[in-house]
$ cat final_33.cif   # mmCIF, C-alpha atoms
data_work
#
loop_
_atom_site.label_atom_id
_atom_site.label_comp_id
_atom_site.auth_asym_id
_atom_site.auth_seq_id
_atom_site.Cartn_x
_atom_site.Cartn_y
_atom_site.Cartn_z
CA MET A 1 85.51 102.28 17.01
CA PHE A 2 86.27 102.74 20.70
CA PRO A 3 83.61 102.44 23.41
CA THR A 4 81.94 105.73 24.26
CA ASP A 5 83.28 105.50 27.82
CA PHE A 6 86.88 104.89 26.73
CA GLN A 7 89.08 107.11 28.90
CA TRP A 8 91.12 109.37 26.63
CA GLY A 9 93.63 111.35 28.65
CA VAL A 10 96.99 113.04 28.95
CA ALA A 11 99.81 112.51 31.43
CA THR A 12 102.48 114.55 33.21
CA ALA A 13 104.73 114.19 36.28
CA ALA A 14 105.29 116.60 39.14
CA PHE A 15 109.06 116.95 38.96
CA GLN A 16 108.95 117.44 35.21
CA ILE A 17 106.48 120.34 35.16
CA GLU A 18 105.80 121.89 38.56
CA GLY A 19 108.89 123.94 39.36
CA ALA A 20 108.63 125.83 42.67
CA THR A 21 111.03 123.32 44.16
CA GLU A 22 111.68 125.39 47.29
CA GLU A 23 108.24 126.94 47.69
CA ASP A 24 105.57 126.38 50.36
CA GLY A 25 107.64 123.97 52.42
CA ARG A 26 108.61 121.48 49.73
CA GLY A 27 111.71 119.49 50.68
CA PRO A 28 114.51 118.29 48.39
CA SER A 29 114.12 115.13 46.34
CA THR A 30 116.76 112.80 44.97
CA TRP A 31 116.27 114.45 41.60
CA ASP A 32 116.97 117.93 43.02
CA THR A 33 120.24 116.53 44.37
CA PHE A 34 121.04 114.65 41.16
CA CYS A 35 120.53 117.76 38.99
CA ARG A 36 123.18 119.58 41.00
CA GLU A 37 125.83 116.91 40.54
CA PRO A 38 128.09 117.96 37.64
CA GLY A 39 127.66 115.93 34.50
CA ARG A 40 124.49 114.17 35.56
CA VAL A 41 121.96 116.17 33.50
CA ARG A 42 122.42 117.49 29.99
CA ASP A 43 123.63 121.11 29.94
CA GLY A 44 123.34 121.28 33.72
CA HIS A 45 119.58 121.76 33.55
CA THR A 46 117.45 121.63 36.70
CA ALA A 47 113.72 121.46 37.30
CA ASP A 48 113.67 124.48 39.60
CA VAL A 49 111.22 126.25 37.27
CA ALA A 50 110.35 123.58 34.67
CA CYS A 51 106.95 124.55 33.21
CA ASP A 52 105.98 126.58 36.30
CA HIS A 53 102.87 124.42 36.54
CA TYR A 54 102.72 125.10 40.29
CA HIS A 55 101.60 128.63 39.44
CA ARG A 56 100.04 128.01 36.02
CA TRP A 57 98.00 124.92 36.81
CA ALA A 58 94.65 126.52 35.95
CA GLU A 59 95.90 127.43 32.46
CA ASP A 60 97.13 123.88 32.00
CA LEU A 61 93.83 122.38 33.11
CA ASP A 62 92.10 124.60 30.56
CA LEU A 63 94.34 123.08 27.89
CA ILE A 64 93.25 119.61 28.99
CA ALA A 65 89.62 120.67 28.92
CA GLY A 66 90.16 122.13 25.44
CA LEU A 67 91.17 118.68 24.24
CA GLY A 68 87.96 117.20 25.50
CA ALA A 69 90.12 114.77 27.48
CA ARG A 70 88.23 112.70 30.00
CA ALA A 71 91.09 112.09 32.44
CA TYR A 72 94.34 113.65 33.60
CA ARG A 73 97.15 111.51 34.95
CA PHE A 74 99.44 113.68 37.06
CA SER A 75 101.78 112.89 39.92
CA ILE A 76 101.96 114.12 43.48
CA ALA A 77 105.38 115.22 44.71
CA TRP A 78 106.17 113.23 47.83
CA PRO A 79 108.62 115.92 49.14
CA ARG A 80 105.90 118.54 48.70
CA VAL A 81 103.57 116.55 50.97
CA GLN A 82 106.20 115.15 53.36
CA PRO A 83 109.40 117.21 53.06
CA THR A 84 111.48 114.66 54.96
CA GLY A 85 109.63 111.57 53.78
CA SER A 86 108.00 110.92 57.16
CA GLY A 87 105.93 112.63 59.79
CA ALA A 88 102.99 114.98 59.47
CA ALA A 89 101.80 116.29 56.13
CA ASN A 90 102.79 119.71 54.87
CA SER A 91 99.38 121.35 54.59
CA LYS A 92 100.47 123.83 51.92
CA GLY A 93 101.65 120.98 49.75
CA LEU A 94 98.38 119.12 50.06
CA ASP A 95 96.49 122.36 49.45
CA PHE A 96 98.02 122.59 46.00
CA TYR A 97 96.76 119.14 45.00
CA ASP A 98 93.41 119.89 46.61
CA ARG A 99 93.07 122.89 44.27
CA LEU A 100 94.22 120.81 41.32
CA VAL A 101 91.70 118.02 41.91
CA ASP A 102 88.91 120.52 42.48
CA GLY A 103 89.91 122.24 39.24
CA LEU A 104 89.65 118.95 37.38
CA ALA A 105 86.22 118.27 38.85
CA GLU A 106 85.03 121.72 37.80
CA ARG A 107 86.07 120.92 34.23
CA GLY A 108 84.55 117.43 34.21
CA ILE A 109 87.94 115.70 34.02
CA ALA A 110 88.68 112.53 36.00
CA ALA A 111 91.65 112.77 38.38
CA VAL A 112 94.25 109.98 38.04
CA PRO A 113 97.07 110.81 40.49
CA THR A 114 100.32 108.87 40.67
CA LEU A 115 101.77 108.83 44.17
CA TYR A 116 105.39 108.19 43.22
CA HIS A 117 106.97 109.33 39.96
CA TRP A 118 110.63 109.06 41.01
CA ASP A 119 110.98 112.12 43.29
CA LEU A 120 111.96 110.35 46.52
CA PRO A 121 112.51 112.71 49.47
CA GLN A 122 116.28 113.09 49.87
CA PRO A 123 116.30 112.21 53.60
CA LEU A 124 114.88 108.78 52.73
CA GLU A 125 117.64 108.24 50.18
CA ASP A 126 120.16 109.27 52.82
CA ALA A 127 118.77 106.42 54.93
CA GLY A 128 119.21 103.93 52.07
CA GLY A 129 116.42 104.82 49.69
CA TRP A 130 114.68 101.88 48.03
CA MET A 131 117.52 99.61 49.15
CA ASN A 132 116.06 100.11 52.63
CA ARG A 133 112.95 98.05 53.34
CA ASP A 134 111.67 100.78 55.66
CA THR A 135 111.07 103.06 52.67
CA ALA A 136 108.13 100.83 51.70
CA HIS A 137 106.46 101.58 55.03
CA ARG A 138 107.17 105.30 54.70
CA PHE A 139 105.52 105.21 51.29
CA ALA A 140 102.36 103.65 52.71
CA GLU A 141 102.18 106.36 55.39
CA TYR A 142 102.52 109.03 52.71
CA ALA A 143 99.79 107.36 50.63
CA ALA A 144 97.44 107.46 53.60
CA LEU A 145 98.05 111.19 54.13
CA VAL A 146 97.28 112.01 50.51
CA ALA A 147 94.23 109.78 50.32
CA GLU A 148 92.78 111.23 53.51
CA ARG A 149 92.63 114.57 51.71
CA LEU A 150 91.78 113.55 48.15
CA ALA A 151 90.16 110.12 48.02
CA ASP A 152 86.62 111.44 47.71
CA ARG A 153 87.44 113.04 44.31
CA VAL A 154 89.91 110.63 42.70
CA ASP A 155 88.84 108.30 39.89
CA LEU A 156 91.88 106.01 39.81
CA TRP A 157 94.99 105.95 42.00
CA ILE A 158 98.34 104.89 40.58
CA THR A 159 100.76 103.87 43.32
CA LEU A 160 104.11 103.73 41.50
CA ASN A 161 105.31 104.85 38.12
CA GLU A 162 107.73 102.48 36.41
CA PRO A 163 109.45 100.76 39.33
CA MET A 164 111.61 98.99 36.74
CA VAL A 165 113.17 102.28 35.67
CA VAL A 166 113.88 103.25 39.28
CA MET A 167 115.65 99.94 39.85
CA ALA A 168 117.54 99.79 36.54
CA TYR A 169 118.33 103.39 35.72
CA GLY A 170 118.45 104.79 39.24
CA TYR A 171 120.12 102.04 41.28
CA ALA A 172 121.66 99.55 38.83
CA PHE A 173 123.10 101.69 36.01
CA GLY A 174 123.32 105.06 37.78
CA ILE A 175 121.90 107.02 34.84
CA TYR A 176 119.01 108.51 36.83
CA ALA A 177 118.67 109.65 40.42
CA PRO A 178 119.96 108.63 42.88
CA GLY A 179 122.79 107.65 40.54
CA ARG A 180 123.92 104.46 42.27
CA ALA A 181 125.62 101.90 39.99
CA LEU A 182 124.91 98.66 41.87
CA MET A 183 124.13 96.49 38.82
CA LEU A 184 122.44 93.24 39.94
CA ASP A 185 122.94 94.17 43.60
CA ALA A 186 120.13 96.71 43.02
CA LEU A 187 117.59 93.86 42.95
CA PRO A 188 116.12 94.61 46.43
CA THR A 189 114.90 97.98 45.15
CA ALA A 190 112.41 96.16 42.93
CA HIS A 191 110.96 94.20 45.81
CA HIS A 192 110.87 97.12 48.23
CA GLN A 193 109.00 99.24 45.70
CA LEU A 194 106.49 96.46 45.12
CA LEU A 195 106.11 95.99 48.86
CA GLY A 196 105.47 99.73 49.13
CA HIS A 197 102.86 99.35 46.42
CA GLY A 198 101.07 96.58 48.30
CA LEU A 199 101.16 98.46 51.60
CA ALA A 200 99.91 101.59 49.82
CA VAL A 201 97.03 99.67 48.23
CA ALA A 202 95.84 98.74 51.73
CA ALA A 203 96.30 102.31 53.00
CA LEU A 204 94.38 103.74 50.06
CA ARG A 205 91.53 101.28 50.50
CA ASP A 206 91.34 102.13 54.20
CA ALA A 207 91.04 105.82 53.28
CA GLY A 208 88.14 105.18 50.91
CA ALA A 209 89.91 104.82 47.57
CA GLU A 210 87.61 103.12 45.10
CA ARG A 211 90.05 102.14 42.35
CA VAL A 212 93.79 101.50 42.62
CA GLY A 213 96.43 100.40 40.13
CA ILE A 214 100.11 100.65 39.22
CA ALA A 215 101.88 101.91 36.08
CA ASN A 216 104.57 99.54 34.83
CA HIS A 217 107.08 100.26 32.11
CA HIS A 218 107.10 97.45 29.55
CA THR A 219 109.81 97.26 26.92
CA PRO A 220 109.46 93.90 25.19
CA ALA A 221 112.70 92.02 24.59
CA TRP A 222 113.26 91.28 20.91
CA PRO A 223 116.22 89.02 20.03
CA VAL A 224 118.39 90.75 17.45
CA ASP A 225 119.32 87.44 15.82
CA ASP A 226 117.41 84.21 15.39
CA THR A 227 119.64 82.17 17.66
CA ALA A 228 118.99 80.12 20.77
CA GLU A 229 121.50 82.27 22.68
CA ASP A 230 119.74 85.53 21.84
CA ALA A 231 116.34 84.00 22.62
CA GLU A 232 117.60 82.85 26.03
CA ALA A 233 118.99 86.32 26.73
CA ALA A 234 115.68 87.93 25.73
CA ALA A 235 113.80 85.65 28.12
CA ALA A 236 116.19 86.66 30.92
CA PHE A 237 115.64 90.34 30.10
CA ASP A 238 111.85 89.89 30.15
CA ASP A 239 111.97 88.12 33.51
CA LEU A 240 114.20 90.73 35.13
CA LEU A 241 112.80 93.94 33.66
CA ASN A 242 109.21 93.15 32.67
CA TRP A 243 107.71 90.17 34.50
CA GLN A 244 109.46 90.82 37.82
CA PHE A 245 107.23 93.88 38.22
CA ALA A 246 103.92 92.28 37.23
CA ASP A 247 104.07 88.60 38.24
CA PRO A 248 104.14 89.26 42.03
CA ILE A 249 101.11 91.55 41.76
CA LEU A 250 99.04 89.40 39.42
CA LEU A 251 100.32 85.86 40.10
CA GLY A 252 101.62 86.13 43.66
CA ARG A 253 105.13 84.98 42.77
CA TYR A 254 108.34 86.12 41.14
CA PRO A 255 109.63 84.65 37.89
CA ASP A 256 112.71 82.48 38.27
CA LEU A 257 115.45 85.10 38.11
CA GLY A 258 118.25 82.77 39.12
CA LEU A 259 119.38 85.38 41.65
CA ASP A 260 119.53 85.72 45.43
CA MET A 261 116.03 86.66 46.66
CA SER A 262 116.77 86.67 50.40
CA HIS A 263 115.29 90.18 50.63
CA VAL A 264 111.82 88.62 50.13
CA ARG A 265 110.31 87.81 53.52
CA ASP A 266 107.45 85.55 54.52
CA GLY A 267 104.13 87.28 53.90
CA ASP A 268 105.52 89.89 51.49
CA LEU A 269 103.97 88.36 48.40
CA GLU A 270 100.54 88.32 50.02
CA VAL A 271 100.87 92.06 50.63
CA ILE A 272 102.13 92.74 47.11
CA GLY A 273 99.42 90.60 45.55
CA ALA A 274 96.50 92.61 46.94
CA PRO A 275 93.84 92.88 44.22
CA ILE A 276 94.10 95.92 41.97
CA ASP A 277 91.52 97.49 39.68
CA ALA A 278 93.77 98.50 36.80
CA LEU A 279 97.15 97.77 35.28
CA GLY A 280 98.83 100.79 33.76
CA VAL A 281 101.09 100.02 30.81
CA ASN A 282 103.73 102.54 29.73
CA TYR A 283 105.06 101.62 26.30
CA TYR A 284 107.55 103.41 24.09
CA HIS A 285 109.44 100.75 22.13
CA PRO A 286 110.88 97.21 22.29
CA THR A 287 114.53 96.63 23.22
CA GLY A 288 116.92 94.67 21.06
CA ILE A 289 118.60 91.87 23.02
CA ALA A 290 121.63 89.71 22.29
CA ALA A 291 123.58 87.11 24.23
CA PRO A 292 125.71 88.60 27.03
CA THR A 293 129.29 89.63 26.38
CA ASP A 294 130.39 89.55 30.04
CA ASP A 295 129.17 88.36 33.44
CA SER A 296 127.61 91.63 34.63
CA LEU A 297 124.16 90.89 33.14
CA PRO A 298 122.54 87.83 31.53
CA PHE A 299 121.87 89.79 28.32
CA ALA A 300 123.27 92.59 26.17
CA MET A 301 121.08 95.46 24.97
CA ARG A 302 121.32 96.37 21.29
CA ASP A 303 119.68 98.92 19.00
CA LEU A 304 116.82 97.64 16.87
CA THR A 305 117.37 98.44 13.21
CA GLY A 306 115.00 98.72 10.28
CA PHE A 307 112.50 101.04 11.96
CA PRO A 308 111.96 104.81 11.79
CA THR A 309 113.13 106.61 14.92
CA THR A 310 111.92 109.46 17.11
CA GLY A 311 113.93 112.55 17.95
CA MET A 312 115.53 110.59 20.78
CA GLY A 313 116.56 107.80 18.44
CA TRP A 314 113.95 105.38 19.77
CA PRO A 315 112.53 102.92 17.22
CA VAL A 316 108.90 103.49 16.26
CA VAL A 317 107.26 100.06 16.59
CA PRO A 318 103.48 100.31 17.14
CA ASP A 319 103.10 96.57 16.54
CA GLY A 320 105.21 96.10 19.67
CA LEU A 321 102.38 97.58 21.71
CA HIS A 322 99.82 95.29 20.10
CA ARG A 323 101.99 92.24 20.74
CA LEU A 324 102.72 93.32 24.32
CA LEU A 325 99.04 93.66 25.15
CA VAL A 326 98.28 90.22 23.70
CA ASP A 327 101.23 88.78 25.64
CA LEU A 328 99.82 90.27 28.86
CA ARG A 329 96.45 88.68 28.10
CA ASP A 330 98.04 85.31 27.43
CA ARG A 331 100.39 85.40 30.44
CA TYR A 332 97.88 86.51 33.06
CA GLY A 333 94.51 85.39 31.74
CA ALA A 334 91.71 86.07 34.19
CA ALA A 335 94.19 87.61 36.65
CA LEU A 336 94.76 90.57 34.30
CA PRO A 337 92.69 93.56 35.42
CA PRO A 338 91.47 96.21 32.96
CA VAL A 339 94.44 97.78 31.21
CA TYR A 340 95.13 101.47 30.73
CA ILE A 341 97.87 102.75 28.44
CA THR A 342 99.16 105.21 31.02
CA GLU A 343 101.97 106.58 28.82
CA SER A 344 102.38 106.61 25.05
CA GLY A 345 104.23 109.32 23.21
CA CYS A 346 107.32 110.53 21.41
CA SER A 347 109.84 113.33 21.22
CA TYR A 348 110.49 115.27 18.04
CA ASP A 349 111.79 118.77 17.38
CA GLU A 350 110.17 122.02 18.45
CA SER A 351 107.99 122.35 15.35
CA LEU A 352 104.33 123.20 15.86
CA ASP A 353 103.45 121.25 12.70
CA ASP A 354 104.35 117.90 14.19
CA ASP A 355 103.12 115.45 11.59
CA ALA A 356 105.59 112.84 12.83
CA ARG A 357 103.97 112.87 16.27
CA ILE A 358 100.51 112.61 14.75
CA GLY A 359 101.64 109.60 12.74
CA PHE A 360 103.19 108.00 15.84
CA LEU A 361 100.09 108.47 17.99
CA ASN A 362 97.71 107.40 15.25
CA ALA A 363 99.63 104.16 14.73
CA HIS A 364 99.78 103.39 18.46
CA VAL A 365 96.08 104.10 18.93
CA GLY A 366 95.55 101.67 16.08
CA ALA A 367 97.66 99.09 17.89
CA VAL A 368 95.48 99.48 20.97
CA GLN A 369 92.36 99.06 18.88
CA ALA A 370 93.79 95.89 17.33
CA ALA A 371 94.55 94.49 20.80
CA MET A 372 91.01 95.25 21.93
CA HIS A 373 89.72 93.42 18.86
CA ASP A 374 91.87 90.48 20.02
CA GLY A 375 90.13 90.44 23.37
CA VAL A 376 92.38 92.61 25.56
CA ASP A 377 90.33 94.72 27.97
CA VAL A 378 91.87 98.17 27.43
CA ARG A 379 89.92 101.00 29.06
CA GLY A 380 92.01 104.11 28.40
CA TYR A 381 94.89 105.79 26.59
CA PHE A 382 96.99 108.61 28.05
CA VAL A 383 99.30 110.58 25.77
CA TRP A 384 102.72 111.45 27.12
CA SER A 385 102.76 114.33 27.43
CA LEU A 386 100.44 117.30 27.68
CA LEU A 387 103.41 119.69 27.80
CA ASP A 388 107.03 119.81 26.80
CA ASN A 389 108.89 119.30 30.07
CA PHE A 390 112.07 118.46 31.96
CA GLU A 391 113.00 115.09 30.51
CA TRP A 392 115.18 113.73 33.33
CA ALA A 393 118.85 113.25 32.41
CA GLU A 394 118.21 114.79 28.99
CA GLY A 395 117.07 118.08 30.50
CA TYR A 396 114.90 120.29 28.30
CA ALA A 397 116.22 119.09 24.92
CA PRO A 398 113.51 116.46 24.16
CA ARG A 399 110.07 117.74 23.22
CA PHE A 400 107.26 115.31 24.08
CA GLY A 401 104.35 117.75 24.36
CA LEU A 402 101.09 118.09 22.52
CA VAL A 403 101.65 121.67 23.68
CA HIS A 404 104.90 123.53 22.99
CA VAL A 405 106.42 125.37 25.96
CA ASP A 406 108.70 128.37 25.49
CA TYR A 407 110.78 127.98 28.63
CA ALA A 408 111.96 131.60 28.54
CA THR A 409 108.43 133.02 28.63
CA GLN A 410 106.40 129.97 29.76
CA ARG A 411 104.06 130.57 26.85
CA ARG A 412 102.05 127.49 25.89
CA THR A 413 101.22 126.92 22.20
CA PRO A 414 99.21 123.88 21.09
CA ARG A 415 100.83 121.87 18.30
CA ALA A 416 99.02 120.30 15.36
CA SER A 417 98.98 117.04 17.34
CA TYR A 418 96.87 118.76 20.00
CA GLY A 419 94.21 119.46 17.37
CA TRP A 420 94.51 115.93 16.02
CA TYR A 421 93.97 114.42 19.46
CA ARG A 422 91.05 116.77 20.17
CA ASP A 423 89.38 115.62 16.96
CA LEU A 424 90.07 111.96 17.74
CA ILE A 425 88.43 112.30 21.14
CA ALA A 426 85.46 114.18 19.73
CA GLY A 427 85.01 111.57 17.00
CA SER A 428 84.93 108.71 19.51
CA SER A 429 82.27 110.29 21.73
#
$ encode --input "final_33.cif" --output "structure tokens"
Amino acid sequence: MFPTDFQWGVATAAFQIEGATEEDGRGPSTWDTFCREPGRVRDGHTADVACDHYHRWAEDLDLIAGLGARAYRFSIAWPRVQPTGSGAANSKGLDFYDRLVDGLAERGIAAVPTLYHWDLPQPLEDAGGWMNRDTAHRFAEYAALVAERLADRVDLWITLNEPMVVMAYGYAFGIYAPGRALMLDALPTAHHQLLGHGLAVAALRDAGAERVGIANHHTPAWPVDDTAEDAEAAAAFDDLLNWQFADPILLGRYPDLGLDMSHVRDGDLEVIGAPIDALGVNYYHPTGIAAPTDDSLPFAMRDLTGFPTTGMGWPVVPDGLHRLLVDLRDRYGAALPPVYITESGCSYDESLDDDARIGFLNAHVGAVQAAMHDGVDVRGYFVWSLLDNFEWAEGYAPRFGLVHVDYATQRRTPRASYGWYRDLIAGSS
């Protein structure tokens, strides 16, 4: 059984659901630009309308309330609040999130906003983006503006969502916005994001924020063969793509990456290591790792075989979540704050009778329960996602929602998994 105060929730992100990308003073983000570059996004899809959540937010909050969910993790669009990434706040943008947070309070749902879920204002990218140290300071200023308006009604702040993905997919591999293929030269983007996190923690505290955390993407490295070479490559992967984003916050140091770290300045790690109240863990699957085949990276990524797969071809490995949570406990000990599973979910086809999703979620909830039995302090579980949505470079093809969205009509229809999750929450109360 889960504790009666366990925080069952759902999660979304602004760019993936809001639409209204040119309404009420919102400026362009890197993702708006990326979507318009030929060949970047499947079928040329954009998020101009997405789920039209900007206009249908009350209906969507009613769906959350219908679940009996206790918390809603959403994100705030930086270019909606600061269209150029600096300067005064756009009042109409903040007004939208003011209404949203009030709507959550009226329904008895805790607000868990994420300040940055990948939609960097385009003018900041034009100035260097996360390769530019100044972006960290701009992020802290933005955090202060949002907190000044909302801090009195927010349960838990999340500063960044998955800084690893921004570094790897956005700046190293060029698969996501801004589409820069810098490979290992993208390393400063990790540090500058973490510096922005630390500066934002201070800004949020100054504005009265009571609880602050970060949501890290963790994909455990599993050697594909039982060889010393594959094990060494897996350790390098973990250091670069997992521990690099948690060690500085929780241990005050970086793992030994064997790379140039001249972008780290005196005093930075003290800022980054400011105490946090929660560690968000986003988990989807482990990554198969083999010894490198060239000099571009110290590892080679491989598909894991022998597991069922989701509609996106991702392996379904709930035991990976259990093992990850135990590894976090063992690595960080008393330095590990309470953990929240801030994303857990899967994409399957459009069917409303989504037994595969129910099986996936049930197994991963079981993995969390097993980790708690093993002494990991897990306080909440957020399903990704409430709604089908714009799934980044894959456009609208993947379907992650507990609720089906007909993009032509914007009609929302709860799937069987919605009813399953509602019953799970009710049974744990």
$ residues_around --input "final_33.cif" --residues "region 330-341 of chain A" --least-positions-apart "5" --cutoff "10 Å" --atoms "all atoms listed in the file" --output "PyMOL selection string"
chain A and resi 6-9+213-216+243+246-247+249-251+275-283+321+324-325+365+368+376-383
$ closest_residue --input "final_33.cif" --among "A:Tyr348, A:Phe360, A:Trp222, A:Phe237" --to "Thr305 (chain A)" --atoms "only C-alpha atoms"
A:Trp222
$ resolve_selection --input "final_33.cif" --expression "the PyMOL selection byres ((chain A and resi 224) around 6)" --output "list in words"
Pro223, Asp225, Gly288, Ile289 and Ala290 of chain A
$ residues_around --input "final_33.cif" --residues "Leu424 (chain A)" --least-positions-apart "3" --cutoff "10 Å" --atoms "all atoms listed in the file" --output "MDAnalysis selection string"
chainID A and resid 8 67:68 362 365 418:421 427:429
$ write_last_selection --input "final_33.cif" --atoms "C-alpha atoms" --output "PDB file, in the coordinates of the input"
ATOM      1  CA  TRP A   8      91.120 109.370  26.630  1.00  0.00           C
ATOM      2  CA  LEU A  67      91.170 118.680  24.240  1.00  0.00           C
ATOM      3  CA  GLY A  68      87.960 117.200  25.500  1.00  0.00           C
ATOM      4  CA  ASN A 362      97.710 107.400  15.250  1.00  0.00           C
ATOM      5  CA  VAL A 365      96.080 104.100  18.930  1.00  0.00           C
ATOM      6  CA  TYR A 418      96.870 118.760  20.000  1.00  0.00           C
ATOM      7  CA  GLY A 419      94.210 119.460  17.370  1.00  0.00           C
ATOM      8  CA  TRP A 420      94.510 115.930  16.020  1.00  0.00           C
ATOM      9  CA  TYR A 421      93.970 114.420  19.460  1.00  0.00           C
ATOM     10  CA  GLY A 427      85.010 111.570  17.000  1.00  0.00           C
ATOM     11  CA  SER A 428      84.930 108.710  19.510  1.00  0.00           C
ATOM     12  CA  SER A 429      82.270 110.290  21.730  1.00  0.00           C
TER      13      SER A 429
END
$ resolve_selection --input "final_33.cif" --expression "the PyMOL selection byres ((chain A and resi 75-87) around 8)" --output "MDAnalysis selection string"
chainID A and resid 12:15 25:29 73:74 88:94 97 113:117 119:124 138:139 141:142 146
